[in-house]
Amino acid sequence: MFLFTGVMLFCGLLLCWVPGSILAQTSKPIKLKAVAAWPLGGTLTIHVETILVDLINKKSNGKLILNFLGGPEVVAKPEQVAAAREGIIDISFGGAGEAWSVIPEISAVSFPASTPWEQRKNGIYDYWVETCKPHNLYYLGRWSYNLSNVFHFRKKVHVERLAHFKGLKIKPIGRLDPLVQELGGANVNISGGEMYTALNTGLLDGFIWSDVGRLSGWEEVVGEVLDNPVSSAANLIALMNLDKWKSLPKHLQDALTGAWVEFEPIAAEHFAKAAGKERKKYMDTGVKFVKLPADEAKWLVESADKLAWNWVKGVLKPESYTKLRKGLLVQP
């Protein structure tokens with residue numbers, strides 16, 4: 001009787017264990033539908049499509065797959081954050097500029113001098129996570145670093161002093177249009193695809209763009225690059241649908257976070273190398289890199305920072321601005 005009872009208990013335990021084991025081995029991976037703000041395969045996205053995808057697969061033991069549906073041809077760039085919020089896609093890979101209309105605080109994401117991995121330790125990362133949650137979004141992290149916004153000028157336009165900006169027609173980027181006005185220039189808002197012709201015909205004298213991700217052919221019509229970064233362009237962020245995040249088991253949430261922690265320094269190295277390659281490409285085609293006098297370069301950076309913070313102050317509630325300015329982004 002005791003032997004029979006023991007056998008029956010063992011069989012019962014075996015029946016309970018086997019289905020669970022089989023389920024663990026045969027359960028299908030969870031695919032995360034992702035869209036990028038730029039076409040896939042280029043400098044801005046290739047490291048995400050390859051390195052980050054592999055890291056997520058490795059950290060999750062193949063149970064979590066980052067599946068890119070495409071770029072702006074799948075979901076228009078200005079609509080990608082809303083698509084993630086509504087659950088149409090799971091993750092949007094874009095810039096802070098695409099998110100600020102939904103989450104005003106996110107406009108300051110590239111202001112800190114600290115690195116993305118330092119922000120995970122000093123409270124800034126956690127602040128972005130909590131800021132995004134009321135909008136049904138989860139802040140996964142950054143996928144860029146070591147990018148700077150710089151002025152580019154068409155051939156026959158020479159700028160070596162701030163006074164030379166007066167009267168120039170400039171295409172701004174981000175929230176830098178007040179800076180162009182402060183310099184005495186005129187803002188011209190056209191698309192990136194129109195800039196080659198506009199520069200070639202003189203309808204545009206210059207533009208602000210990051211030192212990585214310039215469109216092909218611009219080196220043919222650009223004569224000079226002002227080698228004084230105006231501001232950081234490291235504002236590429238990934239936002240995930242919060243409901244989708246919550247639906248993941250804890251170990252897969254940890255796998256996704258762990259992959260991002262490992263990926264952020266890799267992304268920084270990727271863009272540092274990419275900036276060096278683009279610089280060499282431009283120099284090889286005859287584009288000159290010029291510098292302002294030290295005092296004017298200092299004024300340019302400080303003015304850009306001040307004007308950007310003024311803009312942020314205008315769109316945030318006073319308490320949010322104070323928390324960002326004093327508690328997170330400026331060292332005491």
# chains A, B, ... in the order shown; residues from 1 in each chain; ligands from 1

$ select_by_dssp --residues "stretch 120-206 of chain A" --states "alpha helix (DSSP H)" --output "count of residues only"
25

$ residues_around --residues "A:Ser148" --least-positions-apart "2" --cutoff "8 Å" --atoms "only C-alpha atoms" --output "VMD selection string"
chain A and resid 146 150 210 to 211 229 to 234

$ atom_distance --atom1 "atom CA of A:Phe93" --atom2 "atom CA of A:Val48"
9.2 Å

$ closest_residue --among "A:Val35, A:Ala76, A:Ala108, A:Asn235" --to "A:Asp305" --atoms "only C-alpha atoms"
A:Ala108

$ closest_atom_pairs --of "stretch 119-181 of chain A" --to "stretch 255-278 of chain A" --cutoff "9 Å" --atoms "only C-alpha atoms" --output "tab-separated table"
residue	atom	partner	partner_atom	distance
A:Arg120	CA	A:Val261	CA	8.5
A:Leu140	CA	A:Thr257	CA	7.2
A:Gly141	CA	A:Trp260	CA	6.9
A:Arg142	CA	A:Glu264	CA	6.6
A:Trp143	CA	A:Ala267	CA	5.9
A:Ser144	CA	A:Ala267	CA	5.6
A:Tyr145	CA	A:Ala268	CA	4.5
A:Asn146	CA	A:Ala272	CA	5.5
A:Leu147	CA	A:Phe271	CA	6.7

$ write_last_selection --atoms "N, CA and C atoms" --output "short mmCIF file (atom, residue, chain, number, x, y, z; two decimals), in the first residue's frame"
data_model
loop_
_atom_site.label_atom_id
_atom_site.label_comp_id
_atom_site.auth_asym_id
_atom_site.auth_seq_id
_atom_site.Cartn_x
_atom_site.Cartn_y
_atom_site.Cartn_z
N ARG A 120 21.51 56.45 -15.53
CA ARG A 120 20.86 55.30 -14.90
C ARG A 120 21.22 55.19 -13.42
N LEU A 140 12.60 53.29 -22.46
CA LEU A 140 13.59 52.22 -22.45
C LEU A 140 15.01 52.74 -22.32
N GLY A 141 15.29 53.86 -22.98
CA GLY A 141 16.62 54.41 -22.90
C GLY A 141 17.04 55.10 -24.18
N ARG A 142 18.32 55.41 -24.25
CA ARG A 142 18.89 56.14 -25.38
C ARG A 142 19.50 55.16 -26.38
N TRP A 143 19.56 55.58 -27.62
CA TRP A 143 20.29 54.78 -28.61
C TRP A 143 21.22 55.66 -29.44
N SER A 144 21.61 56.79 -28.82
CA SER A 144 22.62 57.65 -29.44
C SER A 144 23.41 58.37 -28.36
N TYR A 145 24.61 58.74 -28.72
CA TYR A 145 25.47 59.58 -27.89
C TYR A 145 26.62 60.01 -28.80
N ASN A 146 27.36 61.03 -28.40
CA ASN A 146 28.47 61.53 -29.21
C ASN A 146 28.00 62.10 -30.56
N LEU A 147 26.87 62.80 -30.56
CA LEU A 147 26.42 63.53 -31.73
C LEU A 147 26.30 65.01 -31.36
#

$ closest_residue --among "A:Val180, A:Ile65, A:Gly70, A:Ala238" --to "A:Ser92" --atoms "only C-alpha atoms"
A:Ala238

$ residues_around --residues "stretch 202-209 of chain A" --least-positions-apart "4" --cutoff "6 Å" --atoms "only C-alpha atoms" --output "PyMOL selection string"
chain A and resi 149-154+168-173+198

$ closest_residue --among "A:Ser110, A:Asn67, A:Ser60, A:Ser303" --to "A:Leu32" --atoms "only C-alpha atoms"
A:Asn67

$ atom_distance --atom1 "atom CA of A:Leu179" --atom2 "atom CA of A:Ala294"
18.2 Å

$ atom_distance --atom1 "atom CA of A:Lys244" --atom2 "atom CA of A:Glu86"
10.4 Å

$ residues_around --residues "A:Val287" --least-positions-apart "6" --cutoff "8 Å" --atoms "only C-alpha atoms" --output "list of chain:residue names"
A:Glu219, A:Val222, A:Gly223, A:Glu224, A:Val225

$ closest_atom_pairs --of "stretch 221-313 of chain A" --to "stretch 157-167 of chain A" --cutoff "12 Å" --atoms "only C-alpha atoms" --output "Markdown table"
| residue | atom | partner | partner_atom | distance |
| --- | --- | --- | --- | --- |
| A:Val221 | CA | A:Val157 | CA | 10.9 |
| A:Val222 | CA | A:Val157 | CA | 9.2 |
| A:Gly223 | CA | A:Val157 | CA | 7.3 |
| A:Glu224 | CA | A:His158 | CA | 7.1 |
| A:Val225 | CA | A:Val159 | CA | 9.0 |
| A:Leu226 | CA | A:Val159 | CA | 7.7 |
| A:Asp227 | CA | A:Glu160 | CA | 10.2 |
| A:Asn228 | CA | A:Glu160 | CA | 10.8 |
| A:Val287 | CA | A:His158 | CA | 11.6 |
| A:Lys288 | CA | A:His158 | CA | 9.9 |
| A:Phe289 | CA | A:Glu160 | CA | 10.3 |
| A:Val290 | CA | A:Glu160 | CA | 6.8 |
| A:Lys291 | CA | A:Glu160 | CA | 6.6 |
| A:Leu292 | CA | A:Glu160 | CA | 5.6 |
| A:Pro293 | CA | A:Arg161 | CA | 7.3 |
| A:Ala294 | CA | A:Arg161 | CA | 10.5 |
| A:Asp295 | CA | A:Leu162 | CA | 10.5 |
| A:Glu296 | CA | A:Leu162 | CA | 6.8 |
| A:Ala297 | CA | A:Leu162 | CA | 8.7 |
| A:Lys298 | CA | A:Leu162 | CA | 11.3 |
| A:Trp299 | CA | A:Leu162 | CA | 9.5 |
| A:Leu300 | CA | A:Leu162 | CA | 8.4 |

$ select_by_dssp --residues "stretch 54-233 of chain A" --states "strand (DSSP E or B)" --output "ChimeraX atom specification"
/A:64-70,91-95,137-142,148-154,169-171,186-187,206-210,222-226,231-232

$ residues_around --residues "A:Ile30" --least-positions-apart "5" --cutoff "10 Å" --atoms "only C-alpha atoms" --output "VMD selection string"
chain A and resid 62 to 67 248 252
